[in-house]
>>> print(open('data-v1.csv').read())   # CSV, C-alpha atoms and all ligand atoms
chain,number,residue,atom,x,y,z
A,1,MET,CA,-29.8,19.0,230.8
A,2,HIS,CA,-32.0,17.7,233.6
A,3,GLY,CA,-34.0,19.7,236.0
A,4,HIS,CA,-35.3,18.5,239.4
A,5,TRP,CA,-38.8,19.0,240.6
A,6,ASN,CA,-38.5,19.8,244.3
A,7,GLY,CA,-42.3,19.7,244.9
A,8,SER,CA,-42.7,23.4,244.2
A,9,ALA,CA,-40.2,24.4,241.5
A,10,TRP,CA,-37.9,23.0,238.8
A,11,CYS,CA,-34.3,23.4,239.9
A,12,TRP,CA,-31.1,23.1,237.8
A,13,ASN,CA,-29.1,21.0,240.3
A,14,GLN,CA,-29.6,18.9,243.4
A,15,GLU,CA,-28.3,21.6,245.8
A,16,GLU,CA,-30.9,24.1,244.6
A,17,ALA,CA,-33.6,21.4,244.8
A,18,VAL,CA,-32.8,20.8,248.4
A,19,ALA,CA,-32.1,24.5,249.3
A,20,ALA,CA,-35.4,25.9,247.8
A,21,PRO,CA,-37.9,24.3,250.3
A,22,ARG,CA,-35.5,25.3,253.2
A,23,ARG,CA,-35.6,28.9,252.1
A,24,SER,CA,-39.4,28.8,251.8
A,25,ALA,CA,-39.8,27.3,255.3
A,26,LEU,CA,-37.5,30.0,256.9
A,27,SER,CA,-39.1,33.0,255.3
A,28,GLY,CA,-42.7,31.9,255.1
A,29,GLY,CA,-44.0,30.2,258.3
A,30,SER,CA,-47.4,28.7,258.0
A,31,SER,CA,-48.9,31.6,256.0
A,32,PHE,CA,-46.1,31.6,253.4
A,33,ARG,CA,-47.1,30.4,250.0
A,34,PHE,CA,-44.2,29.3,247.8
A,35,VAL,CA,-44.7,30.5,244.2
A,36,PRO,CA,-43.0,28.1,241.8
A,37,ARG,CA,-40.4,29.7,239.6
A,38,ARG,CA,-41.2,28.5,236.1
A,39,ASN,CA,-39.5,30.0,233.1
A,40,ASP,CA,-40.3,29.0,229.5
A,41,PHE,CA,-37.7,26.3,229.5
A,42,ASP,CA,-39.3,24.7,232.6
A,43,LYS,CA,-42.6,24.7,230.9
A,44,ALA,CA,-41.1,23.1,227.8
A,45,VAL,CA,-39.6,20.3,229.9
A,46,VAL,CA,-43.0,19.6,231.5
A,47,MET,CA,-44.8,19.7,228.1
A,48,ASN,CA,-42.2,17.5,226.5
A,49,GLU,CA,-42.4,14.9,229.2
A,50,ALA,CA,-46.2,14.8,228.7
A,51,ALA,CA,-45.6,14.4,224.9
A,52,ALA,CA,-43.0,11.7,225.4
A,53,ALA,CA,-45.4,9.8,227.7
A,54,SER,CA,-48.1,9.9,225.0
A,55,LEU,CA,-45.8,8.4,222.3
A,56,GLN,CA,-46.9,4.8,222.6
A,57,PRO,CA,-46.1,2.1,221.8
A,58,ARG,CA,-42.3,2.3,222.4
A,59,THR,CA,-40.1,1.0,219.6
A,60,ALA,CA,-37.0,-0.9,220.6
A,61,VAL,CA,-34.0,0.5,218.7
A,62,ARG,CA,-30.9,-1.7,218.4
A,63,GLU,CA,-28.0,0.8,218.8
A,64,THR,CA,-25.4,-0.7,216.5
A,65,LEU,CA,-24.0,1.2,213.5
A,66,VAL,CA,-26.1,0.8,210.4
A,67,SER,CA,-24.4,-0.3,207.2
A,68,ALA,CA,-23.0,2.3,204.7
A,69,ASP,CA,-25.7,1.3,202.2
A,70,GLN,CA,-28.5,1.7,204.7
A,71,PHE,CA,-27.1,5.1,205.6
A,72,ARG,CA,-26.9,6.2,201.9
A,73,GLU,CA,-30.4,5.0,201.3
A,74,GLY,CA,-31.7,7.3,204.1
A,75,MET,CA,-29.6,10.3,203.0
A,76,ARG,CA,-30.9,9.9,199.5
A,77,GLN,CA,-34.2,11.2,200.9
A,78,PHE,CA,-32.6,14.4,202.0
A,79,ALA,CA,-33.3,17.0,199.3
A,80,SER,CA,-30.6,19.8,199.0
A,81,GLY,CA,-29.2,22.4,196.8
A,82,VAL,CA,-25.9,21.7,194.9
A,83,ALA,CA,-22.8,23.8,195.1
A,84,LEU,CA,-19.6,23.9,193.1
A,85,ILE,CA,-16.7,24.2,195.5
A,86,ALA,CA,-13.6,25.7,194.0
A,87,SER,CA,-10.0,26.4,195.1
A,88,SER,CA,-6.5,26.3,193.6
A,89,HIS,CA,-3.7,23.9,193.9
A,90,GLU,CA,-0.2,24.7,192.7
A,91,GLY,CA,-1.5,27.5,190.5
A,92,ARG,CA,-4.3,25.4,188.9
A,93,PRO,CA,-8.0,25.6,189.7
A,94,VAL,CA,-9.6,22.6,191.4
A,95,GLY,CA,-13.2,21.9,192.3
A,96,LEU,CA,-15.9,19.4,193.1
A,97,ALA,CA,-19.7,19.2,193.1
A,98,ALA,CA,-21.0,19.1,196.7
A,99,THR,CA,-24.2,18.8,198.6
A,100,ALA,CA,-22.5,18.7,202.0
A,101,VAL,CA,-22.7,22.5,202.5
A,102,ASN,CA,-24.3,24.1,205.5
A,103,SER,CA,-24.6,27.4,207.3
A,104,VAL,CA,-22.8,27.5,210.7
A,105,SER,CA,-23.4,31.0,212.0
A,106,ALA,CA,-24.2,34.5,210.8
A,107,ASP,CA,-21.9,36.3,213.2
A,108,PRO,CA,-19.2,35.7,212.2
A,109,PRO,CA,-20.6,34.6,208.9
A,110,SER,CA,-19.4,31.1,208.5
A,111,LEU,CA,-20.3,27.9,206.7
A,112,LEU,CA,-19.1,24.3,206.5
A,113,ILE,CA,-18.2,22.0,203.7
A,114,CYS,CA,-17.4,18.3,204.0
A,115,VAL,CA,-14.8,17.1,201.4
A,116,ASN,CA,-13.6,13.6,200.9
A,117,ARG,CA,-9.9,13.5,201.5
A,118,SER,CA,-9.5,11.5,198.3
A,119,ALA,CA,-11.1,14.3,196.2
A,120,SER,CA,-8.6,16.0,193.9
A,121,ALA,CA,-9.6,19.4,195.3
A,122,HIS,CA,-9.0,18.5,198.9
A,123,GLU,CA,-5.3,19.4,199.0
A,124,GLY,CA,-5.9,22.7,197.3
A,125,ILE,CA,-8.4,23.7,199.9
A,126,ARG,CA,-6.2,22.5,202.7
A,127,HIS,CA,-3.0,24.2,201.6
A,128,SER,CA,-4.5,27.5,200.2
A,129,ARG,CA,-6.9,27.7,203.1
A,130,ALA,CA,-9.3,29.4,200.7
A,131,PHE,CA,-12.3,28.2,198.7
A,132,SER,CA,-15.5,29.4,197.1
A,133,VAL,CA,-19.0,27.9,197.4
A,134,ASN,CA,-21.1,28.6,194.3
A,135,LEU,CA,-24.8,27.7,194.5
A,136,LEU,CA,-26.1,26.2,191.3
A,137,ALA,CA,-29.1,27.4,189.4
A,138,VAL,CA,-31.3,24.8,187.6
A,139,GLU,CA,-30.0,26.0,184.2
A,140,ASP,CA,-26.6,24.8,185.2
A,141,ALA,CA,-27.5,21.2,186.0
A,142,HIS,CA,-25.0,19.9,183.5
A,143,MET,CA,-22.2,21.3,185.7
A,144,VAL,CA,-23.0,18.6,188.4
A,145,GLU,CA,-21.8,15.9,186.0
A,146,ILE,CA,-18.6,17.8,185.1
A,147,PHE,CA,-17.7,18.6,188.7
A,148,GLY,CA,-19.0,15.4,190.1
A,149,SER,CA,-17.2,12.9,187.8
A,150,SER,CA,-13.5,12.2,187.8
A,151,ALA,CA,-13.6,11.3,184.1
A,152,ARG,CA,-14.6,15.0,183.3
A,153,ARG,CA,-12.1,16.6,185.6
A,154,SER,CA,-10.3,18.4,182.7
A,155,GLU,CA,-13.5,20.1,181.6
A,156,ARG,CA,-14.2,21.7,185.0
A,157,PHE,CA,-13.2,25.3,184.4
A,158,THR,CA,-13.6,25.4,180.6
A,159,ASP,CA,-17.4,25.5,180.7
A,160,GLY,CA,-19.2,28.5,182.2
A,161,ASP,CA,-18.1,32.0,183.2
A,162,TRP,CA,-15.3,31.5,185.7
A,163,HIS,CA,-13.1,34.3,187.2
A,164,MET,CA,-10.1,34.1,189.5
A,165,THR,CA,-9.6,36.3,192.6
A,166,THR,CA,-6.2,37.8,193.1
A,167,ALA,CA,-5.9,35.3,196.0
A,168,GLY,CA,-6.4,32.4,193.6
A,169,VAL,CA,-10.0,31.5,194.3
A,170,PRO,CA,-12.1,30.6,191.3
A,171,LEU,CA,-15.6,32.2,191.2
A,172,PHE,CA,-18.5,31.0,189.1
A,173,ARG,CA,-20.4,34.0,187.7
A,174,GLY,CA,-23.5,32.0,186.9
A,175,ALA,CA,-24.1,31.0,190.6
A,176,LEU,CA,-27.2,32.0,192.6
A,177,ALA,CA,-24.9,33.1,195.3
A,178,THR,CA,-21.1,32.8,195.8
A,179,PHE,CA,-19.4,32.7,199.2
A,180,VAL,CA,-15.6,33.3,199.2
A,181,CYS,CA,-14.2,31.7,202.3
A,182,ARG,CA,-11.0,31.5,204.2
A,183,VAL,CA,-10.6,28.3,206.2
A,184,ALA,CA,-11.0,29.0,209.9
A,185,GLU,CA,-10.8,25.3,211.0
A,186,ARG,CA,-10.4,21.8,209.6
A,187,VAL,CA,-11.7,18.7,211.4
A,188,GLU,CA,-11.0,15.2,210.1
A,189,VAL,CA,-14.0,12.9,210.5
A,190,ALA,CA,-13.7,9.4,209.0
A,191,SER,CA,-13.0,9.7,205.2
A,192,HIS,CA,-13.8,13.5,205.1
A,193,SER,CA,-12.5,16.9,206.2
A,194,ILE,CA,-15.0,19.3,207.5
A,195,PHE,CA,-13.7,22.8,206.6
A,196,ILE,CA,-15.2,25.7,208.5
A,197,GLY,CA,-15.0,28.7,206.2
A,198,GLU,CA,-15.4,32.3,207.3
A,199,VAL,CA,-17.1,34.2,204.5
A,200,VAL,CA,-14.9,37.1,203.4
A,201,ALA,CA,-16.7,38.2,200.3
A,202,MET,CA,-20.0,37.6,198.4
A,203,PRO,CA,-19.6,38.9,194.8
A,204,ALA,CA,-22.7,40.2,193.2
A,205,GLN,CA,-24.5,37.7,191.0
A,206,ALA,CA,-26.8,37.7,188.0
A,207,ALA,CA,-30.6,38.0,188.4
A,208,PRO,CA,-32.3,35.6,190.8
A,209,ARG,CA,-33.2,32.2,189.3
A,210,ASP,CA,-34.5,28.9,190.6
A,211,PRO,CA,-32.1,26.7,192.5
A,212,LEU,CA,-31.0,23.2,191.3
A,213,ILE,CA,-32.2,20.5,193.7
A,214,TYR,CA,-30.5,17.1,194.3
A,215,PHE,CA,-32.7,14.3,195.6
A,216,ASP,CA,-32.6,10.5,195.3
A,217,ARG,CA,-29.4,10.5,193.2
A,218,GLY,CA,-30.8,12.9,190.6
A,219,VAL,CA,-31.1,16.6,189.8
A,220,ARG,CA,-34.5,18.2,189.9
A,221,ALA,CA,-36.2,21.5,189.6
A,222,LEU,CA,-38.0,23.3,192.4
A,223,GLU,CA,-41.7,23.2,192.6
A,224,LYS,CA,-43.8,25.3,195.1
A,225,ALA,CA,-45.8,23.2,197.6
A,226,ASP,CA,-49.5,23.9,198.1
A,227,VAL,CA,-49.8,24.6,201.8
A,301,LIG,C1,-24.6,15.8,193.5
A,301,LIG,C2,-23.2,15.5,194.1
A,301,LIG,C3,-22.9,15.9,195.4
A,301,LIG,C4,-21.6,15.6,195.9
A,301,LIG,N1,-21.3,16.0,197.2
A,301,LIG,C5,-20.1,15.8,197.7
A,301,LIG,C6,-19.7,16.4,198.9
A,301,LIG,O1,-20.5,17.1,199.6
A,301,LIG,N2,-18.5,16.2,199.4
A,301,LIG,C7,-17.6,15.4,198.6
A,301,LIG,O2,-16.4,15.3,199.1
A,301,LIG,N3,-17.9,14.9,197.4
A,301,LIG,C8,-19.1,15.1,196.9
A,301,LIG,N4,-19.4,14.6,195.7
A,301,LIG,C9,-18.5,13.9,194.9
A,301,LIG,C10,-17.4,14.8,194.3
A,301,LIG,O3,-18.1,15.8,193.5
A,301,LIG,C11,-16.6,13.9,193.4
A,301,LIG,O4,-16.0,12.9,194.2
A,301,LIG,C12,-15.4,14.6,192.8
A,301,LIG,O5,-15.8,15.7,192.1
A,301,LIG,C13,-14.6,13.7,192.0
A,301,LIG,O6,-13.6,14.4,191.3
A,301,LIG,P1,-12.1,14.1,191.5
A,301,LIG,O7,-11.8,12.8,190.9
A,301,LIG,O8,-11.4,15.2,190.8
A,301,LIG,O9,-11.8,14.2,193.0
A,301,LIG,C14,-20.7,14.9,195.1
A,301,LIG,C15,-21.0,14.5,193.8
A,301,LIG,C16,-22.3,14.8,193.3
A,301,LIG,C17,-22.6,14.3,191.9
>>> encode(input="data-v1.csv", output="structure tokens")
Amino acid sequence: MHGHWNGSAWCWNQEEAVAAPRRSALSGGSSFRFVPRRNDFDKAVVMNEAAAASLQPRTAVRETLVSADQFREGMRQFASGVALIASSHEGRPVGLAATAVNSVSADPPSLLICVNRSASAHEGIRHSRAFSVNLLAVEDAHMVEIFGSSARRSERFTDGDWHMTTAGVPLFRGALATFVCRVAERVEVASHSIFIGEVVAMPAQAAPRDPLIYFDRGVRALEKADV
């Protein structure tokens, strides 16, 4: 969004920028003093322009797509929690380990998950239009390997305290928090589907524990920073 400085005030569009001085001339005469209308956003624009001007030297950025490896290398530096996403397909529970989980809005309560379309759980989520997001505690770090590796697919719902809702959504009782979602929207982006889930239930969980952290291709425990 761009504003225009008409000499006295920031305006949202060209018409307003031209009209404002005309209004001031008509109503004011020589004694009229035009008071600039500045809201907080206007002030932020001015301040950000000053900040931008102080960012020297300028770095030339070539705007071509970076390689997949370069991208992965950067994303490795993003620390996140880990979730087990679970659903059902043809009467059987399906799931995967996932870090691509994010809050979307609190009202209505909704979150998003990004699931590779080649993941065995993808079709279950797509067809049942329901899934759970189970946030892992550090004690359950071993579940990442089970839910993240195709070779261990058969072990996925044999380890841990799993329950099934009547609608066929598996819930992990050991999670820090569990969000039961119904799919409100699915968007295909490259190799993945982004599912937007409306949160329809949050079953009570065990006592609070520390979350599991995933960073630089490995699991970690949380440590408080000294600030
Ligand atoms: C820590 C971790 C995070 C992952 N995050 C995601 C994710 O957000 N989305 C996704 O589609 N796959 C993710 N994966 C990969 C899936 O867990 C994995 O491809 C899947 O479980 C393989 O099982 P399948 O052969 O039954 O599909 C992640 C794996 C690990 C280990």
>>> residues_near_ligand(input="data-v1.csv", ligand="ligand LIG 301 (chain A)", cutoff="8 Å", atoms="all atoms listed in the file", output="ChimeraX atom specification")
/A:82-83,94-101,113-122,144-151,153,192,214,217-219
>>> closest_residue(input="data-v1.csv", among="A:Gly197, A:Glu223, A:Glu188, A:Ser88", to="A:Thr165", atoms="all atoms listed in the file")
A:Ser88
>>> closest_residue(input="data-v1.csv", among="A:Glu123, A:Leu135, A:Arg92, A:Leu112", to="A:Val169", atoms="only C-alpha atoms")
A:Arg92
>>> closest_residue(input="data-v1.csv", among="A:Ala53, A:Leu222, A:Val199, A:Leu212", to="A:Pro108", atoms="all atoms listed in the file")
A:Val199
>>> atom_distance(input="data-v1.csv", atom1="atom CA of A:Val138", atom2="atom CA of A:Ala221")
6.2 Å
>>> atom_distance(input="data-v1.csv", atom1="atom CA of A:Gly91", atom2="atom CA of A:Leu176")
26.2 Å
>>> residues_around(input="data-v1.csv", residues="A:Arg182", least_positions_apart="3", cutoff="7 Å", atoms="all atoms listed in the file", output="count of residues only")
7
>>> atom_distance(input="data-v1.csv", atom1="atom CA of A:Met143", atom2="atom CA of A:Asp159")
8.1 Å
>>> residues_around(input="data-v1.csv", residues="A:Ala175", least_positions_apart="4", cutoff="12 Å", atoms="only C-alpha atoms", output="VMD selection string")
chain A and resid 81 to 85 132 to 141 143 160 to 163 171 179 202 to 212
>>> write_last_selection(input="data-v1.csv", atoms="C-alpha atoms", output="tab-separated table (two decimals), keeping the file's coordinate frame")
chain	number	residue	atom	x	y	z
A	81	GLY	CA	-29.20	22.40	196.80
A	82	VAL	CA	-25.90	21.70	194.90
A	83	ALA	CA	-22.80	23.80	195.10
A	84	LEU	CA	-19.60	23.90	193.10
A	85	ILE	CA	-16.70	24.20	195.50
A	132	SER	CA	-15.50	29.40	197.10
A	133	VAL	CA	-19.00	27.90	197.40
A	134	ASN	CA	-21.10	28.60	194.30
A	135	LEU	CA	-24.80	27.70	194.50
A	136	LEU	CA	-26.10	26.20	191.30
A	137	ALA	CA	-29.10	27.40	189.40
A	138	VAL	CA	-31.30	24.80	187.60
A	139	GLU	CA	-30.00	26.00	184.20
A	140	ASP	CA	-26.60	24.80	185.20
A	141	ALA	CA	-27.50	21.20	186.00
A	143	MET	CA	-22.20	21.30	185.70
A	160	GLY	CA	-19.20	28.50	182.20
A	161	ASP	CA	-18.10	32.00	183.20
A	162	TRP	CA	-15.30	31.50	185.70
A	163	HIS	CA	-13.10	34.30	187.20
A	171	LEU	CA	-15.60	32.20	191.20
A	179	PHE	CA	-19.40	32.70	199.20
A	202	MET	CA	-20.00	37.60	198.40
A	203	PRO	CA	-19.60	38.90	194.80
A	204	ALA	CA	-22.70	40.20	193.20
A	205	GLN	CA	-24.50	37.70	191.00
A	206	ALA	CA	-26.80	37.70	188.00
A	207	ALA	CA	-30.60	38.00	188.40
A	208	PRO	CA	-32.30	35.60	190.80
A	209	ARG	CA	-33.20	32.20	189.30
A	210	ASP	CA	-34.50	28.90	190.60
A	211	PRO	CA	-32.10	26.70	192.50
A	212	LEU	CA	-31.00	23.20	191.30
>>> closest_residue(input="data-v1.csv", among="A:Ser87, A:Gln70, A:Ser128, A:Thr64", to="A:Pro170", atoms="only C-alpha atoms")
A:Ser87
>>> closest_residue(input="data-v1.csv", among="A:Pro93, A:Arg76, A:Pro109, A:Arg220", to="A:His142", atoms="all atoms listed in the file")
A:Arg220
